[in-house]
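What follows is the content of upload.txt, which has compact mmCIF, C-alpha atoms:
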```
# COMPACT_ATOMS: atom_id res chain seq x y z
CA MET H 1 103.09 147.56 142.89
CA SER H 2 106.60 146.91 141.55
CA ASP H 3 107.21 145.76 137.99
CA LEU H 4 108.14 142.30 139.26
CA ALA H 5 104.99 142.08 141.39
CA GLU H 6 102.87 143.09 138.39
CA ARG H 7 104.60 140.49 136.24
CA ILE H 8 103.96 137.78 138.85
CA ALA H 9 100.31 138.81 139.22
CA GLY H 10 99.85 138.59 135.46
CA LEU H 11 101.18 135.03 135.38
CA LEU H 12 99.18 133.56 138.27
CA ARG H 13 96.28 131.28 137.45
CA ASP H 14 93.32 131.04 139.83
CA VAL H 15 91.96 127.52 140.28
CA PRO H 16 88.63 127.53 142.13
CA ASP H 17 87.72 124.70 144.51
CA PHE H 18 91.20 123.19 144.58
CA PRO H 19 92.38 121.17 146.49
CA GLN H 20 88.87 121.19 147.98
CA PRO H 21 85.64 123.18 147.64
CA GLY H 22 85.87 126.77 148.81
CA ILE H 23 89.62 127.16 148.25
CA LEU H 24 90.89 129.47 145.49
CA PHE H 25 94.29 128.00 144.62
CA LYS H 26 96.98 130.32 143.23
CA ASP H 27 98.80 128.33 140.54
CA ILE H 28 102.35 129.48 139.74
CA THR H 29 102.81 127.00 136.86
CA PRO H 30 102.44 129.71 134.16
CA LEU H 31 105.14 131.72 135.98
CA LEU H 32 107.47 128.71 136.13
CA ALA H 33 106.92 128.11 132.41
CA ASP H 34 108.03 131.65 131.51
CA ALA H 35 111.85 131.53 131.58
CA GLU H 36 112.36 135.28 131.86
CA ALA H 37 109.75 135.72 134.58
CA PHE H 38 111.06 132.73 136.55
CA ASP H 39 114.58 134.16 136.32
CA ALA H 40 113.31 137.52 137.57
CA VAL H 41 111.58 135.80 140.50
CA ILE H 42 114.78 133.96 141.47
CA HIS H 43 116.77 137.19 141.32
CA GLY H 44 114.06 138.90 143.38
CA LEU H 45 114.19 136.18 146.04
CA ALA H 46 118.01 136.25 146.03
CA ALA H 47 117.83 139.92 147.00
CA PHE H 48 116.22 138.80 150.30
CA ALA H 49 119.50 137.09 151.22
CA ASP H 50 121.18 140.16 152.67
CA VAL H 51 123.12 138.00 155.14
CA PRO H 52 125.31 134.96 154.38
CA VAL H 53 123.33 131.80 153.55
CA ASP H 54 124.70 128.25 153.68
CA ILE H 55 121.58 126.37 152.58
CA VAL H 56 118.27 127.16 150.93
CA ALA H 57 115.40 125.08 152.33
CA GLY H 58 112.43 124.57 150.02
CA ILE H 59 109.02 123.37 151.13
CA GLU H 60 107.32 120.56 149.22
CA ALA H 61 106.52 120.67 146.42
CA ARG H 62 106.61 123.93 144.48
CA GLY H 63 109.05 125.33 147.02
CA PHE H 64 111.55 122.71 145.80
CA LEU H 65 111.54 124.29 142.34
CA VAL H 66 112.15 127.74 143.74
CA ALA H 67 114.77 126.53 146.24
CA GLY H 68 116.81 124.65 143.65
CA ALA H 69 117.12 127.63 141.35
CA LEU H 70 117.74 129.98 144.26
CA ALA H 71 120.47 127.79 145.77
CA ARG H 72 122.19 127.76 142.38
CA GLN H 73 121.90 131.55 142.17
CA LEU H 74 123.32 132.02 145.68
CA GLY H 75 126.02 129.36 145.30
CA CYS H 76 124.91 127.37 148.32
CA GLY H 77 123.39 124.03 149.24
CA LEU H 78 119.80 122.88 149.23
CA VAL H 79 117.68 120.87 151.65
CA PRO H 80 114.09 119.74 151.14
CA VAL H 81 111.34 120.19 153.70
CA ARG H 82 109.12 117.22 152.84
CA LYS H 83 105.78 115.73 153.71
CA ALA H 84 105.93 113.01 156.36
CA GLY H 85 107.34 109.68 155.22
CA LYS H 86 109.08 110.98 152.08
CA LEU H 87 112.64 111.41 153.42
CA PRO H 88 114.87 108.52 154.48
CA PRO H 89 115.50 108.35 158.23
CA PRO H 90 116.61 109.81 160.48
CA THR H 91 114.27 112.80 160.31
CA ILE H 92 112.41 115.07 162.68
CA SER H 93 108.86 116.19 162.03
CA ARG H 94 106.27 118.77 162.97
CA SER H 95 102.51 118.82 162.43
CA TYR H 96 100.56 122.00 161.73
CA ASP H 97 97.19 123.28 160.54
CA LEU H 98 96.39 124.40 157.01
CA GLU H 99 93.46 126.53 155.93
CA TYR H 100 91.80 123.28 154.81
CA GLY H 101 93.14 120.60 157.17
CA SER H 102 96.41 119.56 158.78
CA ALA H 103 99.74 118.17 157.63
CA THR H 104 103.18 117.11 158.83
CA VAL H 105 106.58 118.09 157.42
CA GLU H 106 110.03 116.61 158.00
CA VAL H 107 113.66 117.58 157.61
CA PRO H 108 116.73 115.34 157.68
CA VAL H 109 118.77 115.06 160.87
CA GLY H 110 122.45 116.05 160.75
CA ILE H 111 122.47 118.35 157.72
CA LEU H 112 121.24 121.68 159.09
CA SER H 113 123.26 121.90 162.30
CA GLY H 114 125.21 125.16 162.51
CA ARG H 115 124.03 126.33 159.08
CA ARG H 116 122.39 129.62 158.08
CA VAL H 117 119.20 128.80 156.20
CA LEU H 118 117.05 130.79 153.80
CA LEU H 119 113.59 129.19 153.84
CA VAL H 120 111.43 129.56 150.72
CA ASP H 121 108.08 128.49 149.36
CA ASP H 122 105.77 129.53 146.56
CA VAL H 123 102.79 130.92 148.50
CA LEU H 124 102.17 132.07 152.07
CA ALA H 125 98.56 131.43 153.09
CA THR H 126 97.85 130.99 156.82
CA GLY H 127 101.54 130.63 157.72
CA GLY H 128 101.31 127.17 159.26
CA THR H 129 103.60 125.43 156.79
CA LEU H 130 106.31 128.10 156.85
CA ARG H 131 106.20 128.34 160.65
CA ALA H 132 106.42 124.55 161.08
CA ALA H 133 109.35 124.41 158.65
CA ALA H 134 111.20 127.26 160.42
CA GLU H 135 110.70 125.62 163.81
CA LEU H 136 111.92 122.28 162.43
CA ILE H 137 115.05 123.87 160.99
CA ALA H 138 115.79 125.42 164.39
CA GLU H 139 115.16 122.09 166.12
CA ALA H 140 117.59 120.46 163.67
CA GLY H 141 120.27 122.99 164.70
CA GLY H 142 119.98 125.42 161.79
CA THR H 143 119.39 129.15 161.97
CA VAL H 144 116.70 130.56 159.71
CA VAL H 145 118.18 133.88 158.58
CA GLY H 146 115.30 134.75 156.27
CA MET H 147 112.08 133.52 154.73
CA GLY H 148 110.70 134.36 151.31
CA VAL H 149 107.78 133.51 149.08
CA ILE H 150 106.66 134.47 145.61
CA VAL H 151 103.07 135.29 146.65
CA GLU H 152 101.59 136.20 150.03
CA LEU H 153 97.82 135.91 150.43
CA GLY H 154 97.69 138.87 152.80
CA PHE H 155 93.97 138.56 153.46
CA LEU H 156 94.62 135.25 155.29
CA GLY H 157 96.95 136.88 157.84
CA GLY H 158 99.73 134.31 157.56
CA ARG H 159 102.48 136.85 158.17
CA ALA H 160 101.37 137.12 161.82
CA ALA H 161 102.10 133.40 162.30
CA LEU H 162 105.73 134.12 161.42
CA ASP H 163 106.30 136.82 164.03
CA GLY H 164 109.53 136.36 165.94
CA LEU H 165 111.00 133.71 163.62
CA ALA H 166 113.12 135.50 160.99
CA PRO H 167 112.78 138.34 158.49
CA PHE H 168 110.03 137.56 155.96
CA GLU H 169 109.56 138.94 152.43
CA ALA H 170 107.07 138.34 149.64
CA LEU H 171 107.53 139.40 146.01
CA LEU H 172 103.77 139.95 145.64
CA THR H 173 101.10 140.44 148.31
CA LEU H 174 97.47 139.93 147.33
```

Spell out the structure here as structure tokens.
Amino acid sequence: MSDLAERIAGLLRDVPDFPQPGILFKDITPLLADAEAFDAVIHGLAAFADVPVDIVAGIEARGFLVAGALARQLGCGLVPVRKAGKLPPPTISRSYDLEYGSATVEVPVGILSGRRVLLVDDVLATGGTLRAAAELIAEAGGTVVGMGVIVELGFLGGRAALDGLAPFEALLTL
């Protein structure tokens, strides 16, 4: 395990039975609260951008925090991938399954067309959210040139759901 991965692992907080019984939630709040560790994470994610990037897309809600800092680091724009009904129209949406239910995400129309997009989130679980977001970006005319997360829950097999979309990287795989 790399030094950065060890640092991330040491700052994760396990929250049992959240958001529902049987789920062990990986909380990155302690990581976000540590300025040096958060900076190291942003630099680590920036290293995934080995091709030009026009926009960083962050998935609601913790992905917004990562995407904002990463867009600043890369000197590019930012677009949110939001839960249904949270963005002003026009939007396009996609529904998907979670490990504990289903959800729908949206992106704005007219912003992503012709742009190279780095898609980021905090955690990869089953891959449904990241896959839906990548497909939405493509539908909106953007090209996902890479995807990155802080933590991948490898035991859930989410990476397989991303096959054929774009290069994927995780700073820590559990």

Two-atom distance - CA of Phe64 in chain H, CA of Ala170 in chain H (Å):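 Going from CA of Phe64 in chain H over to CA of Ala170 in chain H covers 16.7 Å.
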
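The gap separating CA of Val123 in chain H from CA of Val105 in chain H is 16.1 Å, in Å to one decimal.
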
Among the residues H:Gly58, H:Gly22, H:Gly154, H:Gly44, the one that comes closest to Leu78 in chain H [using all atoms listed in the file]: H:Gly58

Shell around Glu106 in chain H at 8 Å using only C-alpha atoms, local window under 4 positions removed, as a ChimeraX atom specification: /H:81-85,87,91-94,133,136

Selected residue, from H:Arg116, H:Leu65, H:Pro16, H:Arg131, that lies nearest to Pro52 in chain H when counting all atoms listed in the file: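 Closest to Pro52 in chain H, using all atoms listed in the file: H:Arg116.
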
Test item: residues at most 8 Å from Val120 in chain H, all atoms listed in the file, excluding those fewer than 6 positions along its chain, as a list in words: Val56, Ala57, Gly58, Ile59, Gly63, Val66, Ala67, Met147, Gly148 and Val149 of chain H

Spatial neighbours of Ala138 in chain H, max dist 12 Å, only C-alpha atoms, sep filter under 6 positions, as a list of chain:residue names: H:Ile92, H:Ser93, H:Arg94, H:Val107, H:Val109, H:Ile111, H:Leu112, H:Ser113, H:Gly114, H:Arg115, H:Arg116, H:Val117, H:Leu118, H:Leu119, H:Arg131, H:Ala132, H:Val144, H:Val145, H:Leu165, H:Ala166

Residues within 10 Å of (99.5, 123.2, 154.7), file coords, all atoms listed in the file, listed as a list in words: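 Nearby residues: Glu60, Lys83, Ser95, Tyr96, Asp97, Leu98, Glu99, Tyr100, Gly101, Ser102, Ala103, Thr104, Val105, Leu124, Ala125, Thr126, Gly127, Gly128, Thr129, Leu130 and Ala132 of chain H.
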
Shortest interatomic distance to Leu172 in chain H - which of H:Met1, H:Leu156, H:Val151, H:Ala69, counting only C-alpha atoms: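 For Leu172 in chain H, the nearest of the candidates is H:Val151.
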
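In this model, the gap between CA of Leu4 in chain H and CA of Ala40 in chain H comes to 7.2 Å.
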
Long-range neighbours of Asp27 in chain H as a list in words, 12 Å cut-off, all atoms listed in the file, 2 positions minimum in chain: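 The contact residues come out as Ile8, Ala9, Gly10, Leu11, Leu12, Arg13, Asp14, Val15, Pro16, Phe18, Pro19, Leu24, Phe25, Thr29, Pro30, Leu31, Leu32, Ala33, Arg62, Asp122, Val123, Ile150 and Val151 of chain H.
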
Closest of H:Cys76, H:Ala47, H:Ile23, H:Ala35 to Leu171 in chain H - atom-to-atom distances counting only C-alpha atoms: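 Of H:Cys76, H:Ala47, H:Ile23, H:Ala35, the one nearest Leu171 in chain H is H:Ala47, counting only C-alpha atoms.
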
Distance criterion (all atoms listed in the file): nearest to Phe48 in chain H out of H:Gly146, H:Gly110, H:Gly164, H:Pro89: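 Using all atoms listed in the file, Phe48 in chain H sits closest to H:Gly146.
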
Proximity to Phe155 in chain H - best of H:Leu174, H:Ala140, H:Gly75, H:Pro167, only C-alpha atoms: H:Leu174

Work out where the centre of an axis-aligned box around every listed atom of range 157-173 of chain H lies and how long its edges are once 4 Å is added on each side; give both in Å to one decimal as lines of an AutoDock Vina configuration file.
```
center_x = 105.0
center_y = 136.9
center_z = 155.8
size_x = 24.2
size_y = 15.0
size_z = 28.3
```

Please complete range 40-66 of chain H with N, CA and C atoms and give it back as a PDB file, in the frame of the given file.
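Saved as selection-v8.pdb:
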```
ATOM      1  N   ALA H  40     113.514 136.284 136.809  1.00  0.00           N
ATOM      2  CA  ALA H  40     113.310 137.520 137.570  1.00  0.00           C
ATOM      3  C   ALA H  40     112.865 137.219 138.997  1.00  0.00           C
ATOM      4  N   VAL H  41     112.029 136.206 139.168  1.00  0.00           N
ATOM      5  CA  VAL H  41     111.580 135.800 140.500  1.00  0.00           C
ATOM      6  C   VAL H  41     112.768 135.311 141.333  1.00  0.00           C
ATOM      7  N   ILE H  42     113.621 134.482 140.734  1.00  0.00           N
ATOM      8  CA  ILE H  42     114.780 133.960 141.470  1.00  0.00           C
ATOM      9  C   ILE H  42     115.712 135.099 141.857  1.00  0.00           C
ATOM     10  N   HIS H  43     115.947 136.036 140.965  1.00  0.00           N
ATOM     11  CA  HIS H  43     116.770 137.190 141.320  1.00  0.00           C
ATOM     12  C   HIS H  43     116.109 138.035 142.409  1.00  0.00           C
ATOM     13  N   GLY H  44     114.788 138.161 142.349  1.00  0.00           N
ATOM     14  CA  GLY H  44     114.060 138.900 143.380  1.00  0.00           C
ATOM     15  C   GLY H  44     114.176 138.236 144.742  1.00  0.00           C
ATOM     16  N   LEU H  45     114.045 136.907 144.776  1.00  0.00           N
ATOM     17  CA  LEU H  45     114.190 136.180 146.040  1.00  0.00           C
ATOM     18  C   LEU H  45     115.635 136.227 146.543  1.00  0.00           C
ATOM     19  N   ALA H  46     116.595 136.184 145.635  1.00  0.00           N
ATOM     20  CA  ALA H  46     118.010 136.250 146.030  1.00  0.00           C
ATOM     21  C   ALA H  46     118.317 137.566 146.733  1.00  0.00           C
ATOM     22  N   ALA H  47     117.610 138.609 146.365  1.00  0.00           N
ATOM     23  CA  ALA H  47     117.830 139.920 147.000  1.00  0.00           C
ATOM     24  C   ALA H  47     117.434 139.894 148.475  1.00  0.00           C
ATOM     25  N   PHE H  48     116.589 138.921 148.893  1.00  0.00           N
ATOM     26  CA  PHE H  48     116.220 138.800 150.300  1.00  0.00           C
ATOM     27  C   PHE H  48     117.382 138.305 151.140  1.00  0.00           C
ATOM     28  N   ALA H  49     118.357 137.675 150.504  1.00  0.00           N
ATOM     29  CA  ALA H  49     119.500 137.090 151.220  1.00  0.00           C
ATOM     30  C   ALA H  49     120.542 138.168 151.468  1.00  0.00           C
ATOM     31  N   ASP H  50     120.237 139.069 152.393  1.00  0.00           N
ATOM     32  CA  ASP H  50     121.180 140.160 152.670  1.00  0.00           C
ATOM     33  C   ASP H  50     122.165 139.806 153.779  1.00  0.00           C
ATOM     34  N   VAL H  51     122.138 138.548 154.209  1.00  0.00           N
ATOM     35  CA  VAL H  51     123.120 138.000 155.140  1.00  0.00           C
ATOM     36  C   VAL H  51     123.645 136.707 154.521  1.00  0.00           C
ATOM     37  N   PRO H  52     124.802 136.209 154.960  1.00  0.00           N
ATOM     38  CA  PRO H  52     125.310 134.960 154.380  1.00  0.00           C
ATOM     39  C   PRO H  52     124.335 133.791 154.581  1.00  0.00           C
ATOM     40  N   VAL H  53     124.215 132.961 153.548  1.00  0.00           N
ATOM     41  CA  VAL H  53     123.330 131.800 153.550  1.00  0.00           C
ATOM     42  C   VAL H  53     124.154 130.574 153.186  1.00  0.00           C
ATOM     43  N   ASP H  54     124.015 129.503 153.968  1.00  0.00           N
ATOM     44  CA  ASP H  54     124.700 128.250 153.680  1.00  0.00           C
ATOM     45  C   ASP H  54     123.822 127.284 152.888  1.00  0.00           C
ATOM     46  N   ILE H  55     122.525 127.317 153.177  1.00  0.00           N
ATOM     47  CA  ILE H  55     121.580 126.370 152.580  1.00  0.00           C
ATOM     48  C   ILE H  55     120.254 127.081 152.332  1.00  0.00           C
ATOM     49  N   VAL H  56     119.650 126.751 151.196  1.00  0.00           N
ATOM     50  CA  VAL H  56     118.270 127.160 150.930  1.00  0.00           C
ATOM     51  C   VAL H  56     117.401 125.952 151.227  1.00  0.00           C
ATOM     52  N   ALA H  57     116.366 126.139 152.043  1.00  0.00           N
ATOM     53  CA  ALA H  57     115.400 125.080 152.330  1.00  0.00           C
ATOM     54  C   ALA H  57     114.124 125.385 151.573  1.00  0.00           C
ATOM     55  N   GLY H  58     113.656 124.414 150.798  1.00  0.00           N
ATOM     56  CA  GLY H  58     112.430 124.570 150.020  1.00  0.00           C
ATOM     57  C   GLY H  58     111.364 123.631 150.514  1.00  0.00           C
ATOM     58  N   ILE H  59     110.146 124.143 150.621  1.00  0.00           N
ATOM     59  CA  ILE H  59     109.020 123.370 151.130  1.00  0.00           C
ATOM     60  C   ILE H  59     108.302 122.665 149.991  1.00  0.00           C
ATOM     61  N   GLU H  60     108.008 121.404 150.218  1.00  0.00           N
ATOM     62  CA  GLU H  60     107.320 120.560 149.220  1.00  0.00           C
ATOM     63  C   GLU H  60     106.025 121.208 148.775  1.00  0.00           C
ATOM     64  N   ALA H  61     105.727 121.180 147.529  1.00  0.00           N
ATOM     65  CA  ALA H  61     106.520 120.670 146.420  1.00  0.00           C
ATOM     66  C   ALA H  61     107.005 121.814 145.544  1.00  0.00           C
ATOM     67  N   ARG H  62     106.175 122.829 145.356  1.00  0.00           N
ATOM     68  CA  ARG H  62     106.610 123.930 144.480  1.00  0.00           C
ATOM     69  C   ARG H  62     107.775 124.699 145.074  1.00  0.00           C
ATOM     70  N   GLY H  63     107.899 124.690 146.383  1.00  0.00           N
ATOM     71  CA  GLY H  63     109.050 125.330 147.020  1.00  0.00           C
ATOM     72  C   GLY H  63     110.366 124.683 146.634  1.00  0.00           C
ATOM     73  N   PHE H  64     110.326 123.383 146.265  1.00  0.00           N
ATOM     74  CA  PHE H  64     111.550 122.710 145.800  1.00  0.00           C
ATOM     75  C   PHE H  64     112.067 123.380 144.524  1.00  0.00           C
ATOM     76  N   LEU H  65     111.144 123.703 143.624  1.00  0.00           N
ATOM     77  CA  LEU H  65     111.540 124.290 142.340  1.00  0.00           C
ATOM     78  C   LEU H  65     112.196 125.645 142.550  1.00  0.00           C
ATOM     79  N   VAL H  66     111.618 126.422 143.423  1.00  0.00           N
ATOM     80  CA  VAL H  66     112.150 127.740 143.740  1.00  0.00           C
ATOM     81  C   VAL H  66     113.497 127.601 144.460  1.00  0.00           C
TER      82      VAL H  66
END
```
